[in-house]
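> Below is the structure I would like to discuss, written out as structure tokens.
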Amino acid sequence: MKGVINVLKPAGMTSHDVVNHLRRLLKIKKIGHSGTLDPAATGVLPVFIGKATKAIEFFMEDDKEYIAEMRLGVTTDTGDFQGNIIKIYKGHFNIEKIKFEEVLKEFTGEIMQIPPMYSAVHYKGKRLYELARQGITVERRPRKTDIYSIDLLEFDGESAIIKVACSKGTYIRTLCEDIGNKLGCGACLSDLIRTRSGSFKIEDSLTLEEIQQNLINNTFEKVLTPIDQCLQNIPMVILNREENNFFIKGKALYGDFDYLRPYLDRFIRVYNFKEFLGIAVVKEIKNQIVLQVFKSLKQD
């Protein structure tokens with residue numbers, strides 16, 4: 001059993017909780033995910049099953065898309081409604097929609113973010129959230145992130161719903177806080193849904209209950225997407241060899257591969273007839289184009 005499940009993570013579970021739940025359900029140890037979601041957040045969580053876990057690294061840089069609700073006039077120690085309230089804006093603020101939209105434009109493009117203390121970022125061997133729970137605050141370096149677009153979906157002067165397309169590593173909580181600071185009234189995240197992670201979309205996602213029901217009905221193959229179908233952004237090459245034992249990590253495969261020269265130093269999906277073998281890198285050795293086996297994903 002190997003492949004990827006597009007899980008609709010429920011609120012109240014960590015991403016690790018989802019993985020553990022599926023380990024027990026499927027009775028498989030090798031399970032992992034790409035792109036952590038906060039416990040209170042819902043939405044797309046790609047979960048990799050069996051040998052497909054070896055391909056997680058190809059999905060860690062995926063762009064993301066979110067729908068976020070933010071509350072104006074309130075700040076918390078975590079940046080969302082799960083934390084303790086730090087301040088409630090007591091004065092009367094009247095943020096007009098046009099002003100809000102102007103501020104959103106300032107956060108579109110390449111921006112710098114300071115990771116929140118309640119995050120999984122490492123600091124001297126510990127996670128920031130571990131220090132935050134001890135009441136410790138440390139200095140964090142700003143990180144570069146890309147906000148491709150921010151669309152305003154709803155606005156009533158006190159709260160707003162925005163749709164954000166961004167690069168990996170973007171903290172939506174921090175984005176809401178920074179927008180609130182720019183407006184002068186403060187803000188925090190009140191709800192978050194991840195609608196896309198790379199090619200995985202929320203309309204194709206499945207609840208844990210739906211996954212379990214497919215397992216009971218012996219239709220589990222309907223929820224498990226083959227790993228190569230999730231790597232369509234990587235070019236492919238089809239070989240025609242009698243057996244598959246040649247596809248070993250680190251091994252250079254020789255053949256008539258000069259047509260792959262435009263893909264030099266790039267990853268490529270390798271098939272033998274119709275069977276997906278894994279990922280190789282197009283290399284040049286002594287003026288000859290070869291395939292350097294990078295990751296074997298073939299069926300044992």
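Residues are referred to by chain and number: the chain letter is A, B, ... according to the order shown in the structure tokens, the number counts from 1 in that chain, and ligands are numbered separately from 1 in the order shown.
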So which residues touch region 261-277 of chain A within 12 Å, counting only C-alpha atoms, skipping near sequence neighbours fewer than 3 positions away, as an mmCIF file with N, CA and C atoms, in the first residue's frame?


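selection_26.cif, freshly written:
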data_model
loop_
_atom_site.group_PDB
_atom_site.id
_atom_site.type_symbol
_atom_site.label_atom_id
_atom_site.label_comp_id
_atom_site.auth_asym_id
_atom_site.auth_seq_id
_atom_site.Cartn_x
_atom_site.Cartn_y
_atom_site.Cartn_z
ATOM 1 N N LYS A 51 5.656 3.512 1.030
ATOM 2 C CA LYS A 51 6.860 3.972 0.352
ATOM 3 C C LYS A 51 6.706 5.388 -0.208
ATOM 4 N N ALA A 52 5.483 5.867 -0.332
ATOM 5 C CA ALA A 52 5.266 7.234 -0.816
ATOM 6 C C ALA A 52 5.865 8.268 0.135
ATOM 7 N N ALA A 55 8.868 10.317 -0.840
ATOM 8 C CA ALA A 55 8.736 11.422 -1.796
ATOM 9 C C ALA A 55 8.239 12.709 -1.144
ATOM 10 N N PHE A 58 9.551 16.258 -2.020
ATOM 11 C CA PHE A 58 9.182 16.924 -3.263
ATOM 12 C C PHE A 58 7.945 17.806 -3.108
ATOM 13 N N PRO A 226 -1.899 7.354 -6.523
ATOM 14 C CA PRO A 226 -0.515 6.909 -6.770
ATOM 15 C C PRO A 226 0.445 8.094 -6.729
ATOM 16 N N ILE A 227 1.611 7.867 -6.135
ATOM 17 C CA ILE A 227 2.544 8.970 -5.912
ATOM 18 C C ILE A 227 2.974 9.631 -7.211
ATOM 19 N N ASP A 228 3.114 8.863 -8.297
ATOM 20 C CA ASP A 228 3.572 9.477 -9.553
ATOM 21 C C ASP A 228 2.538 10.430 -10.136
ATOM 22 N N GLN A 229 1.260 10.189 -9.842
ATOM 23 C CA GLN A 229 0.218 11.103 -10.320
ATOM 24 C C GLN A 229 0.275 12.444 -9.600
ATOM 25 N N CYS A 230 0.920 12.455 -8.433
ATOM 26 C CA CYS A 230 1.062 13.691 -7.664
ATOM 27 C C CYS A 230 2.323 14.458 -8.043
ATOM 28 N N LEU A 231 3.104 13.889 -8.958
ATOM 29 C CA LEU A 231 4.375 14.494 -9.373
ATOM 30 C C LEU A 231 4.327 14.905 -10.845
ATOM 31 N N GLN A 232 3.152 15.319 -11.315
ATOM 32 C CA GLN A 232 2.973 15.632 -12.728
ATOM 33 C C GLN A 232 3.788 16.846 -13.166
ATOM 34 N N ASN A 233 4.269 17.643 -12.209
ATOM 35 C CA ASN A 233 5.081 18.809 -12.563
ATOM 36 C C ASN A 233 6.512 18.417 -12.916
ATOM 37 N N ILE A 234 6.872 17.150 -12.695
ATOM 38 C CA ILE A 234 8.208 16.659 -13.013
ATOM 39 C C ILE A 234 8.151 15.917 -14.348
ATOM 40 N N PRO A 235 9.054 16.237 -15.282
ATOM 41 C CA PRO A 235 9.068 15.539 -16.583
ATOM 42 C C PRO A 235 9.265 14.039 -16.405
ATOM 43 N N MET A 236 8.913 13.276 -17.432
ATOM 44 C CA MET A 236 9.000 11.828 -17.328
ATOM 45 C C MET A 236 9.795 11.235 -18.481
ATOM 46 N N VAL A 237 10.347 10.031 -18.231
ATOM 47 C CA VAL A 237 11.019 9.266 -19.260
ATOM 48 C C VAL A 237 10.574 7.816 -19.113
ATOM 49 N N ILE A 238 10.352 7.148 -20.230
ATOM 50 C CA ILE A 238 9.907 5.748 -20.210
ATOM 51 C C ILE A 238 11.017 4.863 -20.775
ATOM 52 N N LEU A 239 11.452 3.891 -19.968
ATOM 53 C CA LEU A 239 12.480 2.944 -20.390
ATOM 54 C C LEU A 239 11.818 1.640 -20.836
ATOM 55 N N ASN A 240 12.583 0.812 -21.472
ATOM 56 C CA ASN A 240 12.082 -0.497 -21.910
ATOM 57 C C ASN A 240 13.149 -1.546 -21.616
ATOM 58 N N ARG A 241 13.169 -1.999 -20.364
ATOM 59 C CA ARG A 241 14.164 -2.982 -19.947
ATOM 60 C C ARG A 241 13.450 -4.209 -19.389
ATOM 61 N N GLU A 242 14.129 -5.304 -19.384
ATOM 62 C CA GLU A 242 13.501 -6.578 -19.031
ATOM 63 C C GLU A 242 13.160 -6.691 -17.551
ATOM 64 N N GLU A 243 13.933 -6.025 -16.691
ATOM 65 C CA GLU A 243 13.657 -6.111 -15.251
ATOM 66 C C GLU A 243 13.889 -4.730 -14.627
ATOM 67 N N ASN A 244 13.560 -4.630 -13.328
ATOM 68 C CA ASN A 244 13.629 -3.332 -12.664
ATOM 69 C C ASN A 244 14.721 -3.225 -11.613
ATOM 70 N N ASN A 245 15.531 -4.266 -11.456
ATOM 71 C CA ASN A 245 16.530 -4.269 -10.398
ATOM 72 C C ASN A 245 17.661 -3.270 -10.627
ATOM 73 N N PHE A 246 17.689 -2.661 -11.800
ATOM 74 C CA PHE A 246 18.741 -1.700 -12.109
ATOM 75 C C PHE A 246 18.511 -0.355 -11.437
ATOM 76 N N PHE A 247 17.289 -0.105 -10.954
ATOM 77 C CA PHE A 247 16.962 1.216 -10.414
ATOM 78 C C PHE A 247 17.343 1.267 -8.935
ATOM 79 N N ILE A 248 18.602 1.588 -8.672
ATOM 80 C CA ILE A 248 19.163 1.608 -7.325
ATOM 81 C C ILE A 248 19.717 2.996 -7.044
ATOM 82 N N LYS A 249 19.442 3.522 -5.852
ATOM 83 C CA LYS A 249 19.868 4.872 -5.488
ATOM 84 C C LYS A 249 21.370 5.064 -5.705
ATOM 85 N N LEU A 253 22.382 5.457 -14.795
ATOM 86 C CA LEU A 253 21.808 4.654 -15.873
ATOM 87 C C LEU A 253 22.243 5.237 -17.215
ATOM 88 N N ASP A 256 20.484 6.005 -24.454
ATOM 89 C CA ASP A 256 20.370 7.070 -25.437
ATOM 90 C C ASP A 256 19.518 8.205 -24.851
ATOM 91 N N PHE A 257 20.141 8.992 -23.954
ATOM 92 C CA PHE A 257 19.411 10.015 -23.221
ATOM 93 C C PHE A 257 19.780 11.436 -23.643
ATOM 94 N N ASP A 258 20.418 11.592 -24.786
ATOM 95 C CA ASP A 258 20.849 12.935 -25.178
ATOM 96 C C ASP A 258 19.667 13.891 -25.341
ATOM 97 N N ALA A 280 14.905 10.304 -10.782
ATOM 98 C CA ALA A 280 16.326 10.381 -11.115
ATOM 99 C C ALA A 280 16.674 11.834 -11.434
ATOM 100 N N VAL A 281 17.979 12.112 -11.498
ATOM 101 C CA VAL A 281 18.467 13.436 -11.871
ATOM 102 C C VAL A 281 19.220 13.297 -13.191
ATOM 103 N N VAL A 282 18.938 14.180 -14.130
ATOM 104 C CA VAL A 282 19.636 14.158 -15.413
ATOM 105 C C VAL A 282 21.030 14.755 -15.214
ATOM 106 N N LYS A 283 22.059 13.955 -15.496
ATOM 107 C CA LYS A 283 23.444 14.370 -15.292
ATOM 108 C C LYS A 283 24.263 14.183 -16.564
ATOM 109 N N GLU A 284 25.391 14.871 -16.615
ATOM 110 C CA GLU A 284 26.332 14.687 -17.715
ATOM 111 C C GLU A 284 27.631 14.120 -17.167
ATOM 112 N N ILE A 285 28.003 12.943 -17.633
ATOM 113 C CA ILE A 285 29.243 12.292 -17.222
ATOM 114 C C ILE A 285 30.067 12.003 -18.468
ATOM 115 N N ASN A 287 30.702 13.854 -21.028
ATOM 116 C CA ASN A 287 29.975 14.305 -22.222
ATOM 117 C C ASN A 287 28.806 13.399 -22.600
ATOM 118 N N GLN A 288 28.432 12.494 -21.696
ATOM 119 C CA GLN A 288 27.295 11.624 -21.964
ATOM 120 C C GLN A 288 26.178 11.909 -20.960
ATOM 121 N N ILE A 289 24.955 12.032 -21.450
ATOM 122 C CA ILE A 289 23.802 12.280 -20.577
ATOM 123 C C ILE A 289 23.357 10.957 -19.952
ATOM 124 N N VAL A 290 23.280 10.946 -18.608
ATOM 125 C CA VAL A 290 22.874 9.742 -17.878
ATOM 126 C C VAL A 290 21.764 10.109 -16.893
ATOM 127 N N LEU A 291 21.122 9.091 -16.369
ATOM 128 C CA LEU A 291 20.125 9.275 -15.307
ATOM 129 C C LEU A 291 20.731 8.791 -13.997
ATOM 130 N N GLN A 292 20.912 9.702 -13.056
ATOM 131 C CA GLN A 292 21.448 9.351 -11.737
ATOM 132 C C GLN A 292 20.261 9.055 -10.824
ATOM 133 N N VAL A 293 20.121 7.809 -10.376
ATOM 134 C CA VAL A 293 18.989 7.421 -9.546
ATOM 135 C C VAL A 293 19.030 8.188 -8.221
ATOM 136 N N PHE A 294 17.964 8.899 -7.936
ATOM 137 C CA PHE A 294 17.880 9.709 -6.729
ATOM 138 C C PHE A 294 16.984 9.090 -5.672
ATOM 139 N N LYS A 295 15.841 8.592 -6.081
ATOM 140 C CA LYS A 295 14.876 8.042 -5.127
ATOM 141 C C LYS A 295 14.126 6.879 -5.774
ATOM 142 N N SER A 296 14.297 5.680 -5.207
ATOM 143 C CA SER A 296 13.592 4.521 -5.727
ATOM 144 C C SER A 296 12.233 4.399 -5.061
ATOM 145 N N LEU A 297 11.188 4.360 -5.883
ATOM 146 C CA LEU A 297 9.817 4.248 -5.368
ATOM 147 C C LEU A 297 9.100 3.059 -5.984
ATOM 148 N N LYS A 298 9.863 2.174 -6.574
ATOM 149 C CA LYS A 298 9.256 1.023 -7.246
ATOM 150 C C LYS A 298 8.692 0.054 -6.234
ATOM 151 N N GLN A 299 7.738 -0.740 -6.697
ATOM 152 C CA GLN A 299 7.091 -1.743 -5.836
ATOM 153 C C GLN A 299 8.074 -2.844 -5.499
ATOM 154 N N ASP A 300 8.185 -3.194 -4.203
ATOM 155 C CA ASP A 300 9.084 -4.274 -3.796
ATOM 156 C C ASP A 300 8.519 -5.612 -4.211
#

> Excluding region 123-136 of chain A and residues on its chain fewer than 5 positions from it, collect all residues at most 10 Å away from it, counting only C-alpha atoms, and give them as a ChimeraX atom specification.

/A:77-78,115-118

> I'd like the interatomic distance between CA of Ile5 (chain A) and CA of Leu22 (chain A), to a tenth of an Å.

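According to the coordinates, CA of Ile5 (chain A) and CA of Leu22 (chain A) are separated by 10.2 Å.
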
> Using only C-alpha atoms, can you tell me which of A:Val138, A:Ile216, A:Leu224, A:Ala40 comes closest to Asp204 (chain A)?

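Comparing A:Val138, A:Ile216, A:Leu224, A:Ala40 against Asp204 (chain A), the winner is A:Leu224.
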
> Can you measure CA of Ile28 (chain A) to CA of Gly50 (chain A) for me? One decimal in Å is fine.

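Separating CA of Ile28 (chain A) from CA of Gly50 (chain A) is a distance of 7.2 Å.
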
> How would you write, as a PyMOL selection string, the set of residues in region 148-218 of chain A that DSSP gives as strand (DSSP E or B)?

chain A and resi 148-155+159-166+187-197+200-201+206
